[in-house]
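Peer 1: Below is the file final06.txt, with compact mmCIF, C-alpha atoms and all ligand atoms.
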```txt
# COMPACT_ATOMS: atom_id res chain seq x y z
CA MET A 97 0.00 0.00 0.00
CA THR A 98 2.65 2.53 1.14
CA ASP A 99 4.96 1.42 -1.63
CA LYS A 100 2.31 2.09 -4.22
CA LEU A 101 1.50 5.49 -2.73
CA THR A 102 5.02 6.77 -2.40
CA PRO A 103 5.83 7.15 -6.12
CA LEU A 104 2.41 8.71 -6.78
CA ARG A 105 2.97 11.25 -4.02
CA GLU A 106 6.38 11.98 -5.40
CA ARG A 107 4.78 12.77 -8.74
CA ILE A 108 2.25 15.05 -7.01
CA ASP A 109 5.10 16.80 -5.19
CA ALA A 110 6.92 17.36 -8.50
CA ILE A 111 3.74 18.70 -10.14
CA ASP A 112 3.07 20.99 -7.17
CA ALA A 113 6.59 22.38 -7.48
CA GLN A 114 5.88 23.16 -11.13
CA ILE A 115 2.49 24.72 -10.30
CA LEU A 116 4.14 26.86 -7.63
CA GLN A 117 6.86 27.99 -10.03
CA LEU A 118 4.24 28.87 -12.67
CA LEU A 119 2.10 30.72 -10.12
CA SER A 120 5.14 32.76 -9.16
CA GLU A 121 5.81 33.59 -12.82
CA ARG A 122 2.15 34.50 -13.34
CA GLY A 123 2.29 36.77 -10.31
CA GLN A 124 5.37 38.53 -11.69
CA VAL A 125 3.67 39.11 -15.04
CA ALA A 126 0.60 40.49 -13.23
CA GLN A 127 2.91 42.89 -11.41
CA ALA A 128 4.31 44.01 -14.77
CA VAL A 129 0.72 44.51 -15.99
CA GLY A 130 0.15 46.58 -12.86
CA HIS A 131 3.09 48.86 -13.70
CA VAL A 132 1.82 49.41 -17.25
CA LYS A 133 -1.65 50.24 -15.90
CA ALA A 134 -0.21 52.62 -13.31
CA GLU A 135 1.62 54.57 -16.05
CA THR A 136 -1.65 55.23 -17.86
CA ASN A 137 -3.87 55.36 -14.79
CA ALA A 138 -5.83 52.41 -16.24
CA PRO A 139 -8.18 50.38 -14.03
CA VAL A 140 -6.70 47.33 -12.31
CA PHE A 141 -9.79 45.13 -12.27
CA ARG A 142 -10.81 44.15 -15.80
CA PRO A 143 -13.97 42.00 -15.54
CA GLU A 144 -14.15 41.41 -19.30
CA ARG A 145 -10.62 39.96 -19.31
CA GLU A 146 -11.31 37.80 -16.24
CA ALA A 147 -14.54 36.52 -17.83
CA GLN A 148 -12.58 35.58 -20.98
CA VAL A 149 -9.94 33.75 -18.93
CA LEU A 150 -12.62 31.80 -17.05
CA ARG A 151 -14.55 30.92 -20.22
CA GLY A 152 -11.25 29.90 -21.84
CA VAL A 153 -10.24 27.50 -19.06
CA ALA A 154 -13.64 25.80 -19.24
CA GLU A 155 -13.30 25.43 -23.03
CA ARG A 156 -9.79 24.03 -22.84
CA ASN A 157 -10.24 21.94 -19.67
CA PRO A 158 -8.95 18.42 -20.48
CA GLY A 159 -10.54 16.94 -17.31
CA PRO A 160 -10.86 15.05 -15.02
CA LEU A 161 -11.51 18.18 -12.90
CA LYS A 162 -14.97 19.71 -13.40
CA ASN A 163 -15.21 22.98 -15.37
CA SER A 164 -16.76 24.76 -12.40
CA ASP A 165 -13.94 23.55 -10.11
CA VAL A 166 -11.22 24.62 -12.55
CA GLN A 167 -12.94 28.00 -12.79
CA THR A 168 -13.01 28.35 -9.01
CA ILE A 169 -9.26 27.70 -8.90
CA PHE A 170 -8.50 30.18 -11.69
CA ARG A 171 -10.77 32.79 -10.13
CA GLU A 172 -8.67 32.56 -6.98
CA ILE A 173 -5.42 32.71 -8.97
CA MET A 174 -6.62 35.87 -10.71
CA SER A 175 -7.81 37.33 -7.43
CA SER A 176 -4.34 36.86 -5.91
CA CYS A 177 -2.58 38.18 -9.02
CA ARG A 178 -4.92 41.21 -9.10
CA ALA A 179 -4.18 41.86 -5.43
CA LEU A 180 -0.48 42.19 -6.37
CA GLU A 181 -1.51 45.10 -8.61
CA LYS A 182 -4.06 46.56 -6.18
CA ARG A 183 -6.34 45.07 -3.57
CA VAL A 184 -9.92 46.13 -4.27
CA THR A 185 -12.51 46.95 -1.60
CA VAL A 186 -15.98 45.57 -2.25
CA ALA A 187 -19.09 46.68 -0.34
CA PHE A 188 -21.97 44.24 0.13
CA LEU A 189 -25.10 43.73 2.20
CA GLY A 190 -23.67 42.27 5.39
CA PRO A 191 -23.05 40.90 7.87
CA THR A 192 -20.63 38.18 6.78
CA GLY A 193 -22.28 34.89 5.94
CA THR A 194 -24.95 36.37 3.63
CA PHE A 195 -25.54 35.26 0.06
CA SER A 196 -24.34 38.74 -0.94
CA GLU A 197 -20.93 37.93 0.51
CA GLN A 198 -20.92 34.67 -1.42
CA ALA A 199 -21.67 36.68 -4.58
CA VAL A 200 -18.74 39.00 -3.80
CA PHE A 201 -16.31 36.07 -3.61
CA GLN A 202 -17.79 34.49 -6.73
CA GLN A 203 -17.04 37.65 -8.71
CA PHE A 204 -13.77 38.82 -7.16
CA GLY A 205 -12.25 35.76 -5.47
CA THR A 206 -11.15 36.09 -1.85
CA ALA A 207 -8.01 38.28 -2.18
CA ILE A 208 -10.07 41.43 -1.64
CA ASP A 209 -11.23 43.58 1.25
CA ALA A 210 -14.94 42.88 1.74
CA LEU A 211 -16.85 45.73 3.37
CA PRO A 212 -20.13 44.64 5.01
CA CYS A 213 -22.87 47.31 4.94
CA VAL A 214 -26.13 47.45 6.89
CA SER A 215 -28.41 48.07 3.90
CA ILE A 216 -28.53 48.14 0.11
CA ASP A 217 -28.62 51.96 0.36
CA GLU A 218 -25.37 51.86 2.31
CA VAL A 219 -23.71 49.70 -0.38
CA PHE A 220 -24.60 52.33 -2.98
CA ARG A 221 -23.40 55.16 -0.72
CA ALA A 222 -20.06 53.50 0.06
CA THR A 223 -19.46 52.84 -3.65
CA GLU A 224 -20.50 56.34 -4.74
CA ALA A 225 -18.31 57.92 -2.08
CA GLY A 226 -15.32 55.80 -3.12
CA THR A 227 -15.07 54.13 0.30
CA ALA A 228 -15.43 50.94 -1.74
CA ASP A 229 -14.15 50.40 -5.29
CA PHE A 230 -17.17 48.23 -6.06
CA GLY A 231 -20.49 47.24 -4.52
CA VAL A 232 -22.46 44.03 -4.97
CA VAL A 233 -26.26 44.31 -4.74
CA PRO A 234 -29.07 41.79 -5.36
CA VAL A 235 -31.34 42.66 -8.34
CA GLU A 236 -33.66 39.72 -8.77
CA ASN A 237 -34.60 36.35 -7.36
CA SER A 238 -35.90 33.55 -9.55
CA SER A 239 -38.88 32.88 -7.29
CA GLU A 240 -39.61 36.29 -5.76
CA GLY A 241 -38.81 38.62 -8.65
CA ALA A 242 -37.18 42.03 -8.56
CA ILE A 243 -35.44 43.56 -5.55
CA ASN A 244 -37.25 46.87 -5.80
CA ARG A 245 -34.92 48.86 -3.57
CA THR A 246 -32.00 48.05 -5.84
CA LEU A 247 -33.97 49.04 -8.95
CA ASP A 248 -34.92 52.38 -7.39
CA LEU A 249 -31.33 53.10 -6.36
CA LEU A 250 -29.96 52.14 -9.78
CA LEU A 251 -32.15 54.82 -11.33
CA ALA A 252 -30.50 57.65 -9.43
CA THR A 253 -26.99 56.38 -8.81
CA THR A 254 -23.86 57.84 -10.40
CA THR A 255 -22.29 54.35 -10.38
CA ILE A 256 -22.50 51.97 -13.32
CA ILE A 257 -22.95 48.23 -13.52
CA SER A 258 -19.69 46.46 -14.32
CA GLY A 259 -20.65 42.84 -13.75
CA GLU A 260 -23.31 40.30 -12.75
CA VAL A 261 -23.23 37.21 -10.57
CA SER A 262 -25.87 34.52 -10.26
CA ILE A 263 -25.83 32.18 -7.29
CA ALA A 264 -27.93 29.23 -6.19
CA VAL A 265 -29.80 30.14 -3.02
CA HIS A 266 -30.36 27.24 -0.67
CA HIS A 267 -32.00 27.96 2.65
CA SER A 268 -31.74 25.79 5.75
CA LEU A 269 -33.74 25.86 8.96
CA MET A 270 -31.26 25.98 11.83
CA THR A 271 -31.20 26.39 15.60
CA LYS A 272 -28.67 26.44 18.42
CA THR A 273 -29.56 22.86 19.38
CA GLY A 274 -30.27 21.44 15.94
CA THR A 275 -33.85 20.62 17.00
CA MET A 276 -37.12 22.58 17.09
CA ASP A 277 -37.72 21.82 20.81
CA GLY A 278 -38.86 24.99 22.55
CA VAL A 279 -38.63 27.12 19.40
CA THR A 280 -41.28 29.87 19.30
CA VAL A 281 -40.18 32.02 16.37
CA VAL A 282 -38.53 31.61 12.97
CA CYS A 283 -36.39 34.58 11.91
CA ALA A 284 -35.10 35.41 8.41
CA HIS A 285 -34.98 38.17 5.85
CA SER A 286 -38.46 38.78 4.39
CA GLN A 287 -37.31 37.43 1.00
CA ALA A 288 -36.16 34.17 2.59
CA LEU A 289 -39.42 33.81 4.55
CA ALA A 290 -41.30 34.30 1.27
CA GLN A 291 -39.11 31.77 -0.52
CA CYS A 292 -39.82 29.11 2.13
CA GLN A 293 -43.47 29.89 2.89
CA VAL A 294 -45.02 26.70 1.46
CA TRP A 295 -42.57 24.53 3.38
CA LEU A 296 -43.15 26.51 6.59
CA ASN A 297 -46.94 26.31 6.14
CA GLN A 298 -46.65 22.54 5.83
CA HIS A 299 -44.22 21.87 8.65
CA TYR A 300 -44.51 24.70 11.16
CA PRO A 301 -47.79 26.51 10.43
CA ASN A 302 -48.17 27.79 13.98
CA ILE A 303 -44.72 29.14 14.70
CA GLU A 304 -44.39 32.91 14.48
CA ARG A 305 -42.34 34.21 11.51
CA ARG A 306 -40.33 37.34 12.06
CA ALA A 307 -38.62 39.35 9.32
CA VAL A 308 -35.19 40.67 10.28
CA ALA A 309 -32.57 42.70 8.36
CA SER A 310 -30.71 39.69 6.94
CA ASN A 311 -30.52 35.92 7.19
CA ALA A 312 -27.13 36.30 8.84
CA GLU A 313 -28.72 38.44 11.53
CA ALA A 314 -31.30 35.68 12.00
CA ALA A 315 -28.41 33.25 12.43
CA VAL A 316 -26.85 35.53 15.07
CA LEU A 317 -30.17 35.71 16.95
CA ALA A 318 -30.56 31.91 16.84
CA SER A 319 -27.02 31.46 18.13
CA GLN A 320 -27.90 33.58 21.17
CA ASP A 321 -31.36 32.22 21.90
CA PRO A 322 -32.50 28.55 21.75
CA THR A 323 -36.14 29.62 21.25
CA VAL A 324 -35.23 31.24 17.90
CA ALA A 325 -34.83 29.32 14.64
CA ALA A 326 -33.10 30.93 11.67
CA ILE A 327 -33.51 30.45 7.97
CA ALA A 328 -30.12 31.09 6.38
CA SER A 329 -27.41 29.53 4.27
CA GLU A 330 -25.54 26.60 5.75
CA MET A 331 -22.45 28.80 5.44
CA ALA A 332 -24.00 31.26 7.91
CA GLY A 333 -25.07 28.33 10.10
CA GLU A 334 -21.50 27.05 10.30
CA GLN A 335 -20.21 30.51 11.06
CA TYR A 336 -22.57 30.95 14.00
CA ARG A 337 -22.35 27.27 15.07
CA LEU A 338 -25.97 26.36 14.45
CA GLY A 339 -27.35 22.86 14.04
CA VAL A 340 -29.32 22.06 10.89
CA VAL A 341 -32.96 21.06 11.57
CA GLN A 342 -33.70 20.71 7.84
CA ALA A 343 -31.55 21.62 4.84
CA HIS A 344 -32.82 23.03 1.50
CA ILE A 345 -36.27 24.16 2.62
CA GLN A 346 -36.75 26.73 -0.19
CA ASP A 347 -39.96 26.07 -2.14
CA ASP A 348 -38.16 26.24 -5.49
CA PRO A 349 -35.18 23.85 -5.62
CA HIS A 350 -33.70 25.93 -8.46
CA ASN A 351 -33.96 29.16 -6.50
CA ARG A 352 -31.29 31.65 -7.66
CA THR A 353 -30.47 35.26 -6.94
CA ARG A 354 -28.83 37.53 -9.46
CA PHE A 355 -26.54 40.30 -8.22
CA VAL A 356 -24.96 43.20 -10.06
CA VAL A 357 -21.59 44.79 -9.40
CA ILE A 358 -21.66 48.58 -9.26
CA GLY A 359 -18.73 50.98 -9.43
CA GLN A 360 -17.09 53.66 -11.54
CA LEU A 361 -15.69 51.19 -14.05
CA GLN A 362 -16.93 51.00 -17.63
CA THR A 363 -16.37 47.34 -18.53
CA GLY A 364 -15.08 46.58 -22.03
CA ARG A 365 -16.47 43.97 -24.41
CA SER A 366 -15.94 40.33 -23.44
CA GLY A 367 -17.72 38.79 -26.44
CA LYS A 368 -20.71 37.60 -24.39
CA ASP A 369 -22.17 40.63 -22.67
CA ARG A 370 -25.36 42.10 -21.32
CA THR A 371 -26.48 45.72 -21.10
CA GLY A 372 -28.95 47.19 -18.62
CA ILE A 373 -31.03 50.26 -19.49
CA VAL A 374 -33.86 52.21 -17.85
CA LEU A 375 -36.52 53.92 -19.93
CA ALA A 376 -39.70 55.88 -19.54
CA VAL A 377 -42.28 56.83 -22.15
CA PRO A 378 -45.12 59.34 -22.16
CA ASN A 379 -48.40 57.69 -21.12
CA LYS A 380 -49.85 57.18 -24.63
CA ALA A 381 -51.40 54.17 -26.36
CA GLY A 382 -48.77 51.98 -28.01
CA ALA A 383 -45.90 53.92 -26.46
CA VAL A 384 -44.17 50.91 -24.88
CA TYR A 385 -44.63 48.85 -28.03
CA ASN A 386 -43.06 51.56 -30.19
CA LEU A 387 -40.35 52.16 -27.67
CA LEU A 388 -39.02 48.61 -27.96
CA ALA A 389 -39.36 48.32 -31.75
CA PRO A 390 -35.69 49.31 -32.41
CA LEU A 391 -34.50 46.20 -30.53
CA GLU A 392 -36.34 43.91 -32.90
CA LYS A 393 -35.27 45.98 -35.91
CA HIS A 394 -31.57 45.61 -35.05
CA GLY A 395 -31.80 41.98 -33.94
CA VAL A 396 -31.04 42.71 -30.29
CA SER A 397 -32.51 40.18 -27.79
CA MET A 398 -34.19 41.37 -24.64
CA THR A 399 -33.52 39.12 -21.63
CA ARG A 400 -35.50 40.98 -19.00
CA PHE A 401 -38.25 43.56 -18.77
CA GLU A 402 -39.29 44.97 -15.42
CA SER A 403 -41.47 47.96 -14.60
CA ARG A 404 -41.43 50.18 -11.53
CA PRO A 405 -43.92 52.91 -10.75
CA ALA A 406 -42.37 56.36 -11.03
CA ARG A 407 -43.01 57.94 -7.68
CA ILE A 408 -42.36 61.46 -8.88
CA GLY A 409 -42.45 63.28 -12.20
CA THR A 410 -44.51 63.16 -15.35
CA TRP A 411 -44.23 59.49 -16.31
CA GLU A 412 -46.08 56.59 -14.88
CA TYR A 413 -43.47 53.85 -15.06
CA TYR A 414 -39.79 53.24 -15.43
CA PHE A 415 -38.92 50.20 -17.49
CA TYR A 416 -35.79 48.25 -16.64
CA VAL A 417 -34.66 46.40 -19.73
CA ASP A 418 -31.74 43.99 -20.08
CA ILE A 419 -30.50 43.24 -23.57
CA GLU A 420 -27.83 40.92 -24.94
CA GLY A 421 -24.65 42.58 -26.17
CA HIS A 422 -22.44 45.53 -25.26
CA VAL A 423 -23.03 49.24 -25.90
CA HIS A 424 -19.94 49.10 -28.12
CA ASP A 425 -21.46 46.38 -30.34
CA ALA A 426 -22.65 48.06 -33.56
CA ALA A 427 -26.21 46.63 -33.50
CA VAL A 428 -26.70 47.51 -29.82
CA ALA A 429 -25.34 51.04 -30.37
CA ARG A 430 -27.74 51.65 -33.26
CA ALA A 431 -30.74 50.19 -31.39
CA LEU A 432 -30.01 52.32 -28.33
CA GLU A 433 -29.67 55.50 -30.41
CA GLU A 434 -33.19 54.91 -31.73
CA LEU A 435 -34.59 53.88 -28.34
CA LYS A 436 -33.24 57.06 -26.86
CA ASP A 437 -34.99 59.18 -29.49
CA ASN A 438 -38.38 57.70 -28.56
CA ALA A 439 -37.92 57.78 -24.80
CA ALA A 440 -38.86 60.50 -22.36
CA PHE A 441 -36.18 59.14 -20.01
CA PHE A 442 -33.19 57.03 -20.96
CA LYS A 443 -30.27 55.77 -18.92
CA VAL A 444 -27.68 53.09 -19.64
CA LEU A 445 -26.96 51.25 -16.38
CA GLY A 446 -23.91 49.54 -17.83
CA SER A 447 -22.56 46.78 -20.09
CA TYR A 448 -20.84 43.77 -18.56
CA PRO A 449 -19.93 40.11 -19.16
CA GLN A 450 -22.77 37.62 -18.77
CA SER A 451 -22.31 35.55 -15.63
CA LEU A 452 -20.82 32.06 -16.00
C1 LIG B 1 -3.36 40.83 -15.09
C2 LIG B 1 -4.35 41.70 -15.29
O1 LIG B 1 -5.03 42.36 -14.24
C3 LIG B 1 -6.10 41.76 -13.53
C4 LIG B 1 -5.80 40.35 -13.25
C5 LIG B 1 -6.09 39.38 -14.21
C6 LIG B 1 -5.44 38.04 -14.16
O2 LIG B 1 -4.84 37.71 -13.14
O3 LIG B 1 -5.50 37.30 -15.18
C7 LIG B 1 -6.97 39.70 -15.25
C8 LIG B 1 -7.57 40.93 -15.35
C9 LIG B 1 -7.38 41.98 -14.33
O4 LIG B 1 -8.52 42.03 -13.51
C10 LIG B 1 -4.78 42.07 -16.68
O5 LIG B 1 -5.48 43.08 -16.84
O6 LIG B 1 -4.43 41.33 -17.62
```
Just give me the structure of the file as C-alpha cells.
Peer 2:
Amino acid sequence: MTDKLTPLRERIDAIDAQILQLLSERGQVAQAVGHVKAETNAPVFRPEREAQVLRGVAERNPGPLKNSDVQTIFREIMSSCRALEKRVTVAFLGPTGTFSEQAVFQQFGTAIDALPCVSIDEVFRATEAGTADFGVVPVENSSEGAINRTLDLLLATTTIISGEVSIAVHHSLMTKTGTMDGVTVVCAHSQALAQCQVWLNQHYPNIERRAVASNAEAAVLASQDPTVAAIASEMAGEQYRLGVVQAHIQDDPHNRTRFVVIGQLQTGRSGKDRTGIVLAVPNKAGAVYNLLAPLEKHGVSMTRFESRPARIGTWEYYFYVDIEGHVHDAAVARALEELKDNAAFFKVLGSYPQSL
C-alpha cells in the first residue's frame, strides 16, 4: 500500500513544485501589468478579461476536474494576481455569511477587502463615495422577482454596472440545538421567509415568523437564543455554530439570486455581454410597443423587462430592460440611439460580461 502510494505522491510533489513555479511567474507578469496600468492610470480590475480567462479555461479543460472547479481555482489565482496590482474593496449587504458575501467572492475571489454594509442603500453610498471600489447588490430572485430597492437606487446612482453574478440560493432551517424543541419564532430576511413559505406552512404553520434585516442576523439571533430558529445559508449556520434542523427548505429547488456589481468602471467587451437600461415613455397608447421596436429591428434580444412605478415626475413607469450585447457592439449602439430618441427618459446602467 505505502509502496504504491510513495511514487504517486512523489509525482504530485513534483507537479506541485511546477504549479508553484508557474504561479510565481504569473504573479510577476501580473505585477508588470500593474506597472503598465499605473503609467496610464488604467483600471486594475478588468472584468471582461477575467470573464474571458474563465470561459477559456472551461473550453480548454482536459478533465478530469470539473469545469466549475477549474474556474473556481482560476478565479482565486486571478484574485491573488490582481491583489499584487491593487487590492480592491468591495461593499456588500452584510453581515458576513450572507448570500451577498458569497456573490462578492464568486465575482472577485477572496483576495479582496470585503466591506459589510447594513443596507442596500449603504452599499450604494459607500461605492459612490469611493469608500469601496465596487459594490455588490441583489437585483432579482428567480422565485420572488425584482429587488425593488435596488432598482430604485440604480435609477438615481452615479455608479454603473460592471458585472453580474448569479448564485444558487439554498435555505436551511437551523437552531442552536439542531432541533425545534422549545422554538417559538422563525427569523429570516423577508425574502427568505417568502421563498420558504409553502414549506413553513406545511411543517410549522403555527410558529411565528419574524422578518429581520438579513438571514445572517437571523443566524446571530438563533445562536444567542435557543427559542429562535433561523432560515439562512448553511455557510451562515457554520459561522454561527448552528445545528441544521432541515436543509434546503426553499420552495423552489432551483432558486437563484442575481446580483450586479456597481462601481465607476466601464467594462469593455468580453464577447458575451449584457447591457442594462432604464426607460420611460409618455403615457400614450402603443408607447411601450413603439419604444421597444428598435430592438427587434436591429436583432437585439431582450432578456429581461421589469417595470417600476415612477413615484415622482410626469411618467407613470420606469422600465428596466436587459439586452444581450455591449453598448460598443454596432447593432446595440444603433438600437439604443433609436430607443433614446423615442424615450422620455433614458439611462444606460452599464454593459458587462454575462455571468458564467
Ligand atoms: C493581469 C491583469 O489584471 C487583472 C488580473 C487578471 C489576471 O490575473 O488574469 C486579469 C484581469 C485583471 O482584472 C490584466 O489586466 O491582464
Peer 1: Closest to Ser397 of chain A among A:Glu412, A:Glu155, A:Glu420, A:Glu433, using only C-alpha atoms?
Peer 2: A:Glu420
Peer 1: Restricting the calculation to all atoms listed in the file: of A:Leu101, A:Ala179, A:Val265, A:Ala110, which residue gets closest to ligand LIG 1 (chain B)?
Peer 2: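 Using all atoms listed in the file, the shortest distance to ligand LIG 1 (chain B) belongs to A:Ala179.
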Peer 1: Which of these residues is nearest to Asp425 of chain A, using only C-alpha atoms: A:Leu445, A:Ser366, A:Val377, A:Ala328?
Peer 2: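 Closest residue, counting only C-alpha atoms: A:Ser366.
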Peer 1: Which centre and edge lengths in Å to one decimal define the box along x, y and z that fits every listed atom of ligand LIG 1 (chain B) plus 8 Å per side, as lines of an AutoDock Vina configuration file?
Peer 2:
```
center_x = -5.9
center_y = 40.2
center_z = -15.4
size_x = 21.2
size_y = 21.8
size_z = 20.5
```
Peer 1: Please measure the separation of atom CA of Leu387 of chain A and atom CA of Ser262 of chain A, giving the value in Å to one decimal.
Peer 2: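 Here the two named atoms are 28.7 Å from each other.
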Peer 1: Hey, what's within 10 Å of Tyr300 of chain A if we count all atoms listed in the file and toss same-chain stuff fewer than 4 positions away? As number ranges by chain, please?
Peer 2: A: 276, 281-282, 293-296, 304-305
Peer 1: In terms of the shortest atom-to-atom distance over all atoms listed in the file, which of A:Ala207, A:Ala312, A:Val428, A:Val356 is closest to Gln450 of chain A?
Peer 2: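 Of A:Ala207, A:Ala312, A:Val428, A:Val356, the one nearest Gln450 of chain A, counting all atoms listed in the file, is A:Val356.
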Peer 1: I need the residue nearest ligand LIG 1 (chain B) from this list: A:Ala134, A:Ala126, A:Val184, A:Leu375. Use only C-alpha atoms and all ligand atoms for the distance.
Peer 2: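 Closest candidate: A:Ala126.
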Peer 1: List all protein, DNA and RNA residues that have at least one atom no more than 10 Å from any atom of ligand LIG 1 (chain B), counting all atoms listed in the file, and write them as a PyMOL selection string.
Peer 2: chain A and resi 122-130+132-133+138-150+170-182+204
Peer 1: Could you jot down the atom CA of Phe188 of chain A to atom CA of Asp348 of chain A separation for me, Å, one decimal place?
Peer 2: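 Interatomic distance here is 24.9 Å.
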Peer 1: Find, counting only C-alpha atoms, the residue in A:Gly446, A:Gly231, A:Gly278, A:Pro349 that gets nearest to Pro322 of chain A.
Peer 2: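 Using only C-alpha atoms, the shortest distance to Pro322 of chain A belongs to A:Gly278.
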Peer 1: Which neighbours of Ala325 of chain A fall inside 6 Å, counting all atoms listed in the file, when residues of the same chain fewer than 6 positions from it are skipped, and could you give them as a PyMOL selection string?
Peer 2: chain A and resi 270-271+282+318
Peer 1: Please produce a file of the residues just selected, as a PDB file, in the coordinates of the input, where the atoms kept are C-alpha atoms.
Peer 2:
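Saved the output as selection-v7.pdb:
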```pdb
ATOM      1  CA  MET A 270     -31.260  25.980  11.830  1.00  0.00           C
ATOM      2  CA  THR A 271     -31.200  26.390  15.600  1.00  0.00           C
ATOM      3  CA  VAL A 282     -38.530  31.610  12.970  1.00  0.00           C
ATOM      4  CA  ALA A 318     -30.560  31.910  16.840  1.00  0.00           C
TER       5      ALA A 318
END
```
Peer 1: List every protein, DNA or RNA residue that has at least one atom no more than 12 Å from (-27.7, 38.8, -4.8) in the file's coordinates, counting all atoms listed in the file, and write the result as a PyMOL selection string.
Peer 2: chain A and resi 188-190+194-203+216+231-238+241-243+246+260-265+287+351-357
Peer 1: Would you export the selected residues with C-alpha atoms as a compact mmCIF listing (two decimals), in the frame of the given file, please?
Peer 2:
```
# COMPACT_ATOMS: atom_id res chain seq x y z
CA PHE A 188 -21.97 44.24 0.13
CA LEU A 189 -25.10 43.73 2.20
CA GLY A 190 -23.67 42.27 5.39
CA THR A 194 -24.95 36.37 3.63
CA PHE A 195 -25.54 35.26 0.06
CA SER A 196 -24.34 38.74 -0.94
CA GLU A 197 -20.93 37.93 0.51
CA GLN A 198 -20.92 34.67 -1.42
CA ALA A 199 -21.67 36.68 -4.58
CA VAL A 200 -18.74 39.00 -3.80
CA PHE A 201 -16.31 36.07 -3.61
CA GLN A 202 -17.79 34.49 -6.73
CA GLN A 203 -17.04 37.65 -8.71
CA ILE A 216 -28.53 48.14 0.11
CA GLY A 231 -20.49 47.24 -4.52
CA VAL A 232 -22.46 44.03 -4.97
CA VAL A 233 -26.26 44.31 -4.74
CA PRO A 234 -29.07 41.79 -5.36
CA VAL A 235 -31.34 42.66 -8.34
CA GLU A 236 -33.66 39.72 -8.77
CA ASN A 237 -34.60 36.35 -7.36
CA SER A 238 -35.90 33.55 -9.55
CA GLY A 241 -38.81 38.62 -8.65
CA ALA A 242 -37.18 42.03 -8.56
CA ILE A 243 -35.44 43.56 -5.55
CA THR A 246 -32.00 48.05 -5.84
CA GLU A 260 -23.31 40.30 -12.75
CA VAL A 261 -23.23 37.21 -10.57
CA SER A 262 -25.87 34.52 -10.26
CA ILE A 263 -25.83 32.18 -7.29
CA ALA A 264 -27.93 29.23 -6.19
CA VAL A 265 -29.80 30.14 -3.02
CA GLN A 287 -37.31 37.43 1.00
CA ASN A 351 -33.96 29.16 -6.50
CA ARG A 352 -31.29 31.65 -7.66
CA THR A 353 -30.47 35.26 -6.94
CA ARG A 354 -28.83 37.53 -9.46
CA PHE A 355 -26.54 40.30 -8.22
CA VAL A 356 -24.96 43.20 -10.06
CA VAL A 357 -21.59 44.79 -9.40
```
Peer 1: Tell me which protein, DNA and RNA residues are within 8 Å of Gly367 of chain A, counting all atoms listed in the file, leaving out same-chain ones fewer than 2 positions away, and put them as a PDB file with C-alpha atoms, in the coordinates of the input.
Peer 2:
```pdb
ATOM      1  CA  ARG A 365     -16.470  43.970 -24.410  1.00  0.00           C
ATOM      2  CA  ASP A 369     -22.170  40.630 -22.670  1.00  0.00           C
ATOM      3  CA  GLY A 421     -24.650  42.580 -26.170  1.00  0.00           C
ATOM      4  CA  PRO A 449     -19.930  40.110 -19.160  1.00  0.00           C
TER       5      PRO A 449
END
```
Peer 1: Applying 9 Å and all atoms listed in the file, which residues near Leu391 of chain A remain after dropping the ones on its own chain fewer than 5 positions away? List them as an NGL selection string.
Peer 2: :A and (396-398 or 419 or 427-428 or 431-432 or 434-435)
Peer 1: Suppose you want the space between atom CA of Leu269 of chain A and atom CA of Met331 of chain A; what is it in Å?
Peer 2: 12.2 Å
Peer 1: Excluding Phe441 of chain A and any residue of its chain fewer than 5 positions from it, enumerate the residues within 9 Å of it, using only C-alpha atoms, and give them as a JSON list (two decimals) with C-alpha atoms, in the coordinates of the input.
Peer 2:
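Okay, around-v3.json is ready:
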```
[["chain", "number", "residue", "atom", "x", "y", "z"],
["A", 374, "VAL", "CA", -33.86, 52.21, -17.85],
["A", 375, "LEU", "CA", -36.52, 53.92, -19.93],
["A", 376, "ALA", "CA", -39.70, 55.88, -19.54],
["A", 377, "VAL", "CA", -42.28, 56.83, -22.15],
["A", 411, "TRP", "CA", -44.23, 59.49, -16.31],
["A", 414, "TYR", "CA", -39.79, 53.24, -15.43],
["A", 436, "LYS", "CA", -33.24, 57.06, -26.86]]
```
Peer 1: Which residues of segment 352-437 of chain A have any atom within 6 Å of an atom in segment 249-257 of chain A when counting all atoms listed in the file, and what is the closest pair of atoms for each, with the distance in Å to one decimal? Order the rows by chain and rising number and write it as a tab-separated table.
Peer 2:
```
residue	atom	partner	partner_atom	distance
A:Val357	CA	A:Ile257	CA	5.5
A:Ile358	CA	A:Ile257	CA	4.5
A:Gly359	CA	A:Thr255	CA	5.0
A:Gln360	CA	A:Thr255	CA	5.4
```
